[in-house]
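Shown next, in structure tokens, is the structure this report addresses.
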Amino acid sequence: MKKWHRYLPIFSKYMALPTDVMLDLPRITIIGQIHIYIENHQGIAVFSDTELTVKATKGSIQILGNSFVIKMMYPEEILLEGKIDTVKYIETNV
Amino acid sequence: MKQIHESYVTGFVTIEITGHQPELFFQHCIDHGVFAWNIKKNSATTCQGNIRLYDIKKIKQLRRNSRYKIKFTDKKGLPFLWRRMLRIKEILFALGLSIVLIVILSNILWRVTVTGVTQEIETKIDAQLEHYGIRPGRLLFTMDAPAIIQQKLLQDIPELLWVGIEQKGTTFAIEGIEKIIIEEKKNASPQNLVATKKGVITYMFVASGSPVVTVNDYVEPGDLLVSGVIGQTNEDETNSPNKQYVAAEGTIRAETWYEMDVTIPLEQQVETLTGNQQHKYYLDLNWQQIPIWGFSKITYDQTHEEISEHQLKFFQWNLPIKIIKSTVNEKNIQQVTRTVDEAIEIGITQARADLLLELGQDAEILSNKILHQSIDNGKVKLNLFMIVEEDIMEAEPITQGD
């Protein structure tokens, strides 16, 4: 099974399939500096006025900025409002 | 976003979570199907967010298994708004009641003024109005229309020549004009009495003047009956010294004859009201009529409906609401079939009544005879001959040529 998974990125690349669905990766939509919409995450880890860290399949996504408000929150979706400065992937080796 | 709007209808609360890493409590909530929005971190240990009103139970359950503290800081939405409205229900009730009161008071008769007549007639009018039930305090729309009251007053108070009722808001202004009864002056100027119709004189009474005709004389219209010239023994003696002119007076009745035609159908539909009636009341809102009283179904087969409208008022303004009273009378349609004899009898009575109406109260029908009778298209046609005794005289002034 694991060996088969290794070929998935290549497979999707050549088949022109949406990668987020294929690989179970988060999809992030950023509207200017004010909104950020993350789909397919796995729950928040840290949230404060200046930071939001959400868990993803591999590692987590850290968003830095200020005056953050979570406008909406569903099990796999999150809409953040505020002034966004950085979006950073933190890889952890699973 | 749709869900946020929806939650305004169902109501939502803002909660504040206190504890270590409070945002994780929201994550916990979402994992258990509690929708949250507008999550904000106030400080390192407090975090606020909105949840729906009906999720509170679940939130309390989730809290029980954690170390977080929940504080409710705000509540919004229709359920809370409704509760606030209920708290001021006394005021709302009072407001509604005062509007209803004003509407009722605007539709009450407050004053009746009578002008243009003497004290005596005024008292009579007041008494009559009292009798009709028109007195201050009466609801305007339960009374008859001014025009009907006007007619009734004219009928019941013979001294009134004319009466006008004007409804000025809540006041009835009644203006009357009295009849000036002038006693008929005795006509002192000389006159003759002449015949107006042809007939045979049956009765004579001469109060003044000299009679020219006698009982059983046949007269034609225009014939001299009683002369106003007295003291004249001979026709030729026009310049007799003791000639005098007087106003001839008296009563002269004669037998006159009339021919009449009447037609009576042998079969006729007669509509009669049985006297049973039902009342229904409606509110007329221009676009629709809403029944407010009398919901029972009308059980009559044949009906005759009478409708009267009453305008509702707010102060002096007409509200776009009318109260409509409908009276449904039970009607009976009868098919009347007559025999020829019955039809003739009805025809004769009808003819007699018609003739008396035409001739006045003094006339007396002595006898009648059927001259001709035919049945045609289910109708009886009668040609009647009537013998009547009536007053035939008429005063004619004498012009003295000098």
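Here, A, B, ... name the chains of the structure tokens in the order displayed, residue numbers run from 1 inside each chain, and ligands are numbered from 1 in the same displayed order.
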- Message: When you look at Ile125 in chain B with a cut-off of 12 Å (counting only C-alpha atoms), what residues show up, excluding the ones that are within fewer than 6 positions of it in the same chain? I need them as a ChimeraX atom specification.
- Response: /B:112-119,131-132,134-135,149-150,152-160,163,165,174-178
Could I get the residues of chain B with an atom no further than 9 Å from an atom of chain A, each paired with its nearest atom pair and that distance in Å to one decimal, using only C-alpha atoms, sorted by chain and residue number, as CSV?
```
residue,atom,partner,partner_atom,distance
B:Met1,CA,A:Met72,CA,8.2
B:Gln21,CA,A:Val46,CA,7.6
B:Pro22,CA,A:Phe47,CA,8.7
B:Glu23,CA,A:Phe47,CA,6.0
B:Leu24,CA,A:Ala45,CA,7.0
B:Phe26,CA,A:Met73,CA,8.9
B:Gln27,CA,A:Gly43,CA,6.4
B:His28,CA,A:Gly43,CA,8.9
B:Ile30,CA,A:Pro75,CA,5.7
B:Asp31,CA,A:Pro75,CA,6.0
B:His32,CA,A:Pro75,CA,8.8
B:Gly33,CA,A:Pro75,CA,7.8
B:Val34,CA,A:Tyr74,CA,8.7
B:Phe35,CA,A:Tyr74,CA,6.7
B:Ala36,CA,A:Met73,CA,5.9
B:Trp37,CA,A:Met72,CA,4.4
B:Asn38,CA,A:Lys71,CA,4.4
B:Ile39,CA,A:Ile70,CA,4.7
B:Lys40,CA,A:Val69,CA,4.9
B:Lys41,CA,A:Ser48,CA,5.3
B:Asn42,CA,A:Asp49,CA,7.5
B:Ser43,CA,A:Ser48,CA,7.9
B:Ala44,CA,A:Ser48,CA,7.4
B:Cys47,CA,A:Ser48,CA,8.5
B:Gly49,CA,A:Ile70,CA,8.6
```
Those selected residues, please, written with C-alpha atoms and delivered as a tab-separated table (two decimals), in the first residue's frame.
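Contents of again_4.tsv, as written:
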```tsv
chain	number	residue	atom	x	y	z
B	1	MET	CA	-22.86	33.01	5.77
B	21	GLN	CA	-5.70	27.41	25.44
B	22	PRO	CA	-9.40	28.31	25.23
B	23	GLU	CA	-9.48	28.10	21.42
B	24	LEU	CA	-9.17	24.39	21.72
B	26	PHE	CA	-14.08	25.64	20.20
B	27	GLN	CA	-12.26	22.99	18.24
B	28	HIS	CA	-13.72	20.49	20.63
B	30	ILE	CA	-16.84	21.74	16.28
B	31	ASP	CA	-15.73	18.14	16.49
B	32	HIS	CA	-19.01	17.46	18.28
B	33	GLY	CA	-21.13	19.23	15.70
B	34	VAL	CA	-21.60	22.59	17.42
B	35	PHE	CA	-21.28	25.35	14.88
B	36	ALA	CA	-19.29	28.41	16.04
B	37	TRP	CA	-18.40	31.72	14.43
B	38	ASN	CA	-16.79	35.06	15.11
B	39	ILE	CA	-14.17	33.47	17.35
B	40	LYS	CA	-11.85	36.04	18.85
B	41	LYS	CA	-9.11	35.74	21.36
B	42	ASN	CA	-9.28	38.41	24.00
B	43	SER	CA	-6.28	37.40	26.06
B	44	ALA	CA	-4.06	34.42	26.57
B	47	CYS	CA	-11.60	33.45	23.99
B	49	GLY	CA	-17.31	33.21	20.08
```
- Message: At a cut-off of 12 Å, using only C-alpha atoms, what residues contact Leu356 in chain B? Leave out same-chain residues fewer than 6 positions from it and give the result as a PyMOL selection string.
- Response: chain B and resi 258+349-350+362-366+386-390
Once you have the residues from the selection above, write them out as an mmCIF file, in the first residue's frame, restricted to C-alpha atoms.
```
data_model
loop_
_atom_site.group_PDB
_atom_site.id
_atom_site.type_symbol
_atom_site.label_atom_id
_atom_site.label_comp_id
_atom_site.auth_asym_id
_atom_site.auth_seq_id
_atom_site.Cartn_x
_atom_site.Cartn_y
_atom_site.Cartn_z
ATOM 1 C CA TYR B 258 -116.613 55.328 -15.606
ATOM 2 C CA THR B 349 -111.563 44.925 -6.223
ATOM 3 C CA GLN B 350 -108.463 46.219 -7.901
ATOM 4 C CA ASP B 362 -115.422 61.682 -1.034
ATOM 5 C CA ALA B 363 -116.336 59.412 -3.891
ATOM 6 C CA GLU B 364 -118.488 56.381 -3.299
ATOM 7 C CA ILE B 365 -118.852 53.523 -5.734
ATOM 8 C CA LEU B 366 -122.485 52.629 -6.023
ATOM 9 C CA MET B 386 -118.669 51.791 -12.600
ATOM 10 C CA ILE B 387 -121.368 54.003 -11.193
ATOM 11 C CA VAL B 388 -119.972 56.465 -8.704
ATOM 12 C CA GLU B 389 -121.462 59.150 -6.536
ATOM 13 C CA GLU B 390 -119.092 62.064 -6.111
#
```
- Using only C-alpha atoms, which residues sit within 12 Å of Tyr89 in chain A once same-chain residues fewer than 3 positions away are excluded, as an NGL selection string? :A and (26 or 28 or 52-64 or 86 or 92)
Keeping only C-alpha atoms, take the residues you just selected and write them out as a PDB file, in the first residue's frame.
```pdb
ATOM      1  CA  PRO A  26      -5.273  21.358   2.587  1.00  0.00           C
ATOM      2  CA  ILE A  28      -5.864  27.507   1.041  1.00  0.00           C
ATOM      3  CA  LEU A  52      -3.422  30.664  13.783  1.00  0.00           C
ATOM      4  CA  THR A  53      -1.979  27.220  13.467  1.00  0.00           C
ATOM      5  CA  VAL A  54      -4.072  24.483  11.905  1.00  0.00           C
ATOM      6  CA  LYS A  55      -3.137  20.846  11.673  1.00  0.00           C
ATOM      7  CA  ALA A  56      -2.940  19.279   8.236  1.00  0.00           C
ATOM      8  CA  THR A  57      -2.036  15.843   6.872  1.00  0.00           C
ATOM      9  CA  LYS A  58       1.650  16.429   6.994  1.00  0.00           C
ATOM     10  CA  GLY A  59       2.677  18.917   9.614  1.00  0.00           C
ATOM     11  CA  SER A  60       0.748  22.147  10.130  1.00  0.00           C
ATOM     12  CA  ILE A  61       0.095  25.552   8.605  1.00  0.00           C
ATOM     13  CA  GLN A  62       0.972  28.633  10.569  1.00  0.00           C
ATOM     14  CA  ILE A  63      -0.561  31.974   9.683  1.00  0.00           C
ATOM     15  CA  LEU A  64       0.835  35.118  11.265  1.00  0.00           C
ATOM     16  CA  THR A  86       2.786  35.219   6.604  1.00  0.00           C
ATOM     17  CA  THR A  92       6.892  17.467  11.025  1.00  0.00           C
TER      18      THR A  92
END
```
- Please identify all polymer residues within 6 Å of Asn216 in chain B, counting only C-alpha atoms, omitting same-chain residues fewer than 6 positions from it, and present them as an NGL selection string. :B and (200-202)
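Distance-wise, CA of Lys179 in chain B and CA of Ala127 in chain B end up 18.8 Å apart.
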- Task: Apply DSSP to the structure's backbone, then extract all residues of range 134-264 of chain B labelled strand (DSSP E) and return them as a ChimeraX atom specification.
- Result: /B:160-168,171-178,191-195,199-208,210-211,218-219,224-227,229-230,244-245,249-264
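Minimum distance to Ile36 in chain A across A:Ile90, A:Gly65, A:Tyr7, A:Leu23 (counting only C-alpha atoms) occurs at A:Gly65.
With CA of Val328 in chain B on one side and CA of Ser296 in chain B on the other, the separation reads 11.8 Å.
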- Item | Contact residues around Thr45 in chain B with only C-alpha atoms at 6 Å, ignoring same-chain residues under 4 positions, as number ranges by chain | B: 18-20
Take the residues from that selection and put them in a file with C-alpha atoms, as a compact mmCIF listing (two decimals), in the first residue's frame.
```txt
# COMPACT_ATOMS: atom_id res chain seq x y z
CA THR B 18 -11.66 30.95 30.25
CA GLY B 19 -8.88 28.42 30.70
CA HIS B 20 -5.63 27.20 29.24
```
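CA of Met260 in chain B to CA of Leu384 in chain B spans 5.0 Å [interatomic distance, one decimal].
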- Could you give me, as an NGL selection string, the residues within 9 Å of Glu271 in chain B, counting only C-alpha atoms and dropping anything in the same chain fewer than 4 positions from it? :B and (331-335)
